[in-house]
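Structure first, commentary second.
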Amino acid sequence: MLMVRHGQSEFNAHFNLTRRDPGIRDPDLTDEGRAQARIAAKIIADHGSVREIWSSPYRRALQTAEIIAEHLRGQIHTVTPLVGERAAYFCDYGSAPQVLHESFPHLRFDHLAPQWWPDHEEPVSALHLRAERFVAETAAHTARDGLLIVSHWGFIQAVTGLPVGNCSVVKVPANPSAATVVHAT
């Protein structure tokens with residue numbers, strides 16, 4: 001299984017310069033973030049076949065997943081908040097399913113709750129429980145070795161223990177604590 005952090009978002013670009021939350025809700029990728037996603041797609045293509053792409057419902061993750069899917073001539077199979085970011089900043093307030101459908105009409109969002117993101121800061125303990133659930137679900141998945149998960153810094157770190165930059169690609173074996181970064185930004 002591979003996990004990739006989304007490309008640079010409008011939030012990341014501002015926060016990295018100022019270390020302050022710019023108050024951008026569910027931000028889009030920057031031009032740099034789209035370029036990072038294209039590079040990650042090439043790295044992913046070199047690391048075996050991807051049979052399913054799962055993405056967080058945040059716009060930055062969906063945009064990254066779309067760029068990668070296009071490069072791989074594939075599609076996003078699953079959109080799930082299970083792999084979403086730990087809600088800690090304003091950017092972690094998501095968009096309602098009908099709003100996402102307007103931007104991504106080819107994807108299904110009808111399975112999402114009207115507010116699928118946490119309405120307050122998610123405790124680290126809750127993030128770790130979500131990561132444990134994800135590890136259990138993917139361990140039993142028939143296509144586990146062909147999964148590509150487009151996610152976020154906090155979630156990837158909760159699963160693997162690794163802090164990763166935007167569009168870093170992580171190979172995650174059956175034992176996630178043995179994960180390795182195969183492409184770092």
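Ordered as shown in the structure tokens, chains take letters A, B, and onward, while each chain numbers its residues from 1 and ligands are numbered from 1 in the order shown.
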
Each residue of segment 43-64 of chain A with at least one atom at most 9 Å from segment 130-154 of chain A should appear once, together with its nearest atom pair and the corresponding distance in Å (one decimal); atoms considered: only C-alpha atoms; ordering: chain, then increasing residue number; output as a Markdown table.
| residue | atom | partner | partner_atom | distance |
| --- | --- | --- | --- | --- |
| A:Ile44 | CA | A:Leu148 | CA | 8.7 |
| A:Gly48 | CA | A:Gly146 | CA | 7.8 |
| A:Ser49 | CA | A:Gly146 | CA | 6.0 |
| A:Val50 | CA | A:Gly146 | CA | 4.5 |
| A:Arg51 | CA | A:Gly146 | CA | 4.8 |
| A:Glu52 | CA | A:Leu147 | CA | 5.0 |
| A:Ile53 | CA | A:Leu148 | CA | 4.8 |
| A:Trp54 | CA | A:Ile149 | CA | 4.8 |
| A:Ser55 | CA | A:Val150 | CA | 4.7 |
| A:Ser56 | CA | A:Ser151 | CA | 5.6 |
| A:Tyr58 | CA | A:Ser151 | CA | 8.8 |
| A:Ala61 | CA | A:Val150 | CA | 6.0 |
| A:Leu62 | CA | A:Val150 | CA | 7.8 |
| A:Thr64 | CA | A:Val150 | CA | 7.3 |

Written file, previous selection with C-alpha atoms, as a compact mmCIF listing (two decimals), in the first residue's frame:
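Output contents, as saved in part_14.txt:
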# COMPACT_ATOMS: atom_id res chain seq x y z
CA ILE A 44 3.84 6.17 -7.76
CA GLY A 48 3.94 -1.02 -8.94
CA SER A 49 0.35 -1.16 -9.93
CA VAL A 50 -2.32 0.85 -8.20
CA ARG A 51 -5.65 -0.95 -8.24
CA GLU A 52 -7.67 1.43 -6.07
CA ILE A 53 -7.31 5.07 -5.10
CA TRP A 54 -8.86 6.25 -1.86
CA SER A 55 -9.00 9.93 -0.98
CA SER A 56 -9.93 12.10 1.93
CA TYR A 58 -10.94 17.55 1.68
CA ALA A 61 -6.69 15.70 -1.20
CA LEU A 62 -9.31 15.22 -3.92
CA THR A 64 -4.18 15.65 -5.60

Residue neighbourhood Asp26 of chain A, 8 Å, only C-alpha atoms, exclusion window fewer than 3 positions, as a list in words: Tyr58, Arg59, Arg60, Phe90, Cys91, Asp92, Tyr93, Gly94 and Ser95 of chain A

Would you mind exporting C-alpha atoms of the selected residues as a short mmCIF file (atom, residue, chain, number, x, y, z; two decimals), in the first residue's frame?
data_model
loop_
_atom_site.label_atom_id
_atom_site.label_comp_id
_atom_site.auth_asym_id
_atom_site.auth_seq_id
_atom_site.Cartn_x
_atom_site.Cartn_y
_atom_site.Cartn_z
CA TYR A 58 -10.94 17.55 1.68
CA ARG A 59 -10.55 19.50 -1.57
CA ARG A 60 -6.74 19.50 -1.44
CA PHE A 90 -9.60 26.35 10.05
CA CYS A 91 -8.57 24.54 6.84
CA ASP A 92 -9.85 21.33 8.43
CA TYR A 93 -13.47 22.42 8.18
CA GLY A 94 -14.58 20.57 5.08
CA SER A 95 -17.14 21.24 2.38
#

Give me every alpha helix (DSSP H) residue in segment 7-134 of chain A, going by DSSP on the backbone, as a VMD selection string. chain A and resid 10 to 18 31 to 45 59 to 72 97 to 103 124 to 134

In Å to one decimal, how far is atom CA of Ser125 of chain A from atom CA of Thr160 of chain A?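 Rounded to one decimal, the two atoms are 15.1 Å apart.
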
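Compared by their closest atoms to Ala69 of chain A, and using only C-alpha atoms, the residues A:Pro105, A:Pro81, A:Arg38, A:Ala178 rank with A:Arg38 nearest.
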
From the list A:Val124, A:Leu112, A:Ala174, A:Ala65, which residue is nearest Ala37 of chain A when using only C-alpha atoms?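 Ranked by minimum distance to Ala37 of chain A, first place goes to A:Ala65.
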
Who sits within 6 Å of segment 167-172 of chain A, only C-alpha atoms, same chain under 6 positions skipped, as an MDAnalysis selection string: chainID A and resid 1:7 36 179:185

Which neighbours of Phe109 of chain A fall inside 12 Å, counting only C-alpha atoms, when residues of the same chain fewer than 2 positions from it are skipped, and could you give them as a PDB file with C-alpha atoms, in the first residue's frame?
ATOM      1  CA  SER A  55      -9.002   9.928  -0.981  1.00  0.00           C
ATOM      2  CA  SER A  56      -9.929  12.104   1.927  1.00  0.00           C
ATOM      3  CA  PRO A  57     -12.933  14.352   1.129  1.00  0.00           C
ATOM      4  CA  TYR A  58     -10.943  17.551   1.681  1.00  0.00           C
ATOM      5  CA  LEU A  62      -9.307  15.224  -3.921  1.00  0.00           C
ATOM      6  CA  ILE A  76     -10.748   7.614  -7.488  1.00  0.00           C
ATOM      7  CA  HIS A  77     -12.592   4.586  -6.085  1.00  0.00           C
ATOM      8  CA  THR A  78     -13.345   5.643  -2.529  1.00  0.00           C
ATOM      9  CA  VAL A  79     -13.820   9.023  -0.854  1.00  0.00           C
ATOM     10  CA  THR A  80     -13.733   8.546   2.895  1.00  0.00           C
ATOM     11  CA  PRO A  81     -13.340  10.794   5.950  1.00  0.00           C
ATOM     12  CA  SER A  95     -17.135  21.243   2.378  1.00  0.00           C
ATOM     13  CA  ALA A  96     -20.635  19.797   2.353  1.00  0.00           C
ATOM     14  CA  PRO A  97     -21.224  16.867  -0.012  1.00  0.00           C
ATOM     15  CA  GLN A  98     -23.346  18.939  -2.405  1.00  0.00           C
ATOM     16  CA  VAL A  99     -20.591  21.565  -2.613  1.00  0.00           C
ATOM     17  CA  LEU A 100     -18.002  18.882  -3.331  1.00  0.00           C
ATOM     18  CA  HIS A 101     -20.276  17.391  -5.991  1.00  0.00           C
ATOM     19  CA  GLU A 102     -20.337  20.761  -7.806  1.00  0.00           C
ATOM     20  CA  SER A 103     -16.531  20.724  -8.057  1.00  0.00           C
ATOM     21  CA  PHE A 104     -16.149  16.977  -8.593  1.00  0.00           C
ATOM     22  CA  PRO A 105     -19.356  15.902 -10.420  1.00  0.00           C
ATOM     23  CA  HIS A 106     -17.893  12.544 -11.470  1.00  0.00           C
ATOM     24  CA  LEU A 107     -17.375  11.428  -7.835  1.00  0.00           C
ATOM     25  CA  HIS A 111     -22.518   8.409   1.443  1.00  0.00           C
ATOM     26  CA  LEU A 112     -21.032  11.326   3.406  1.00  0.00           C
ATOM     27  CA  ALA A 113     -22.853  12.967   6.292  1.00  0.00           C
ATOM     28  CA  PRO A 114     -23.793  16.618   5.641  1.00  0.00           C
ATOM     29  CA  GLN A 115     -20.970  17.499   8.052  1.00  0.00           C
ATOM     30  CA  TRP A 116     -18.440  14.685   7.690  1.00  0.00           C
TER      31      TRP A 116
END
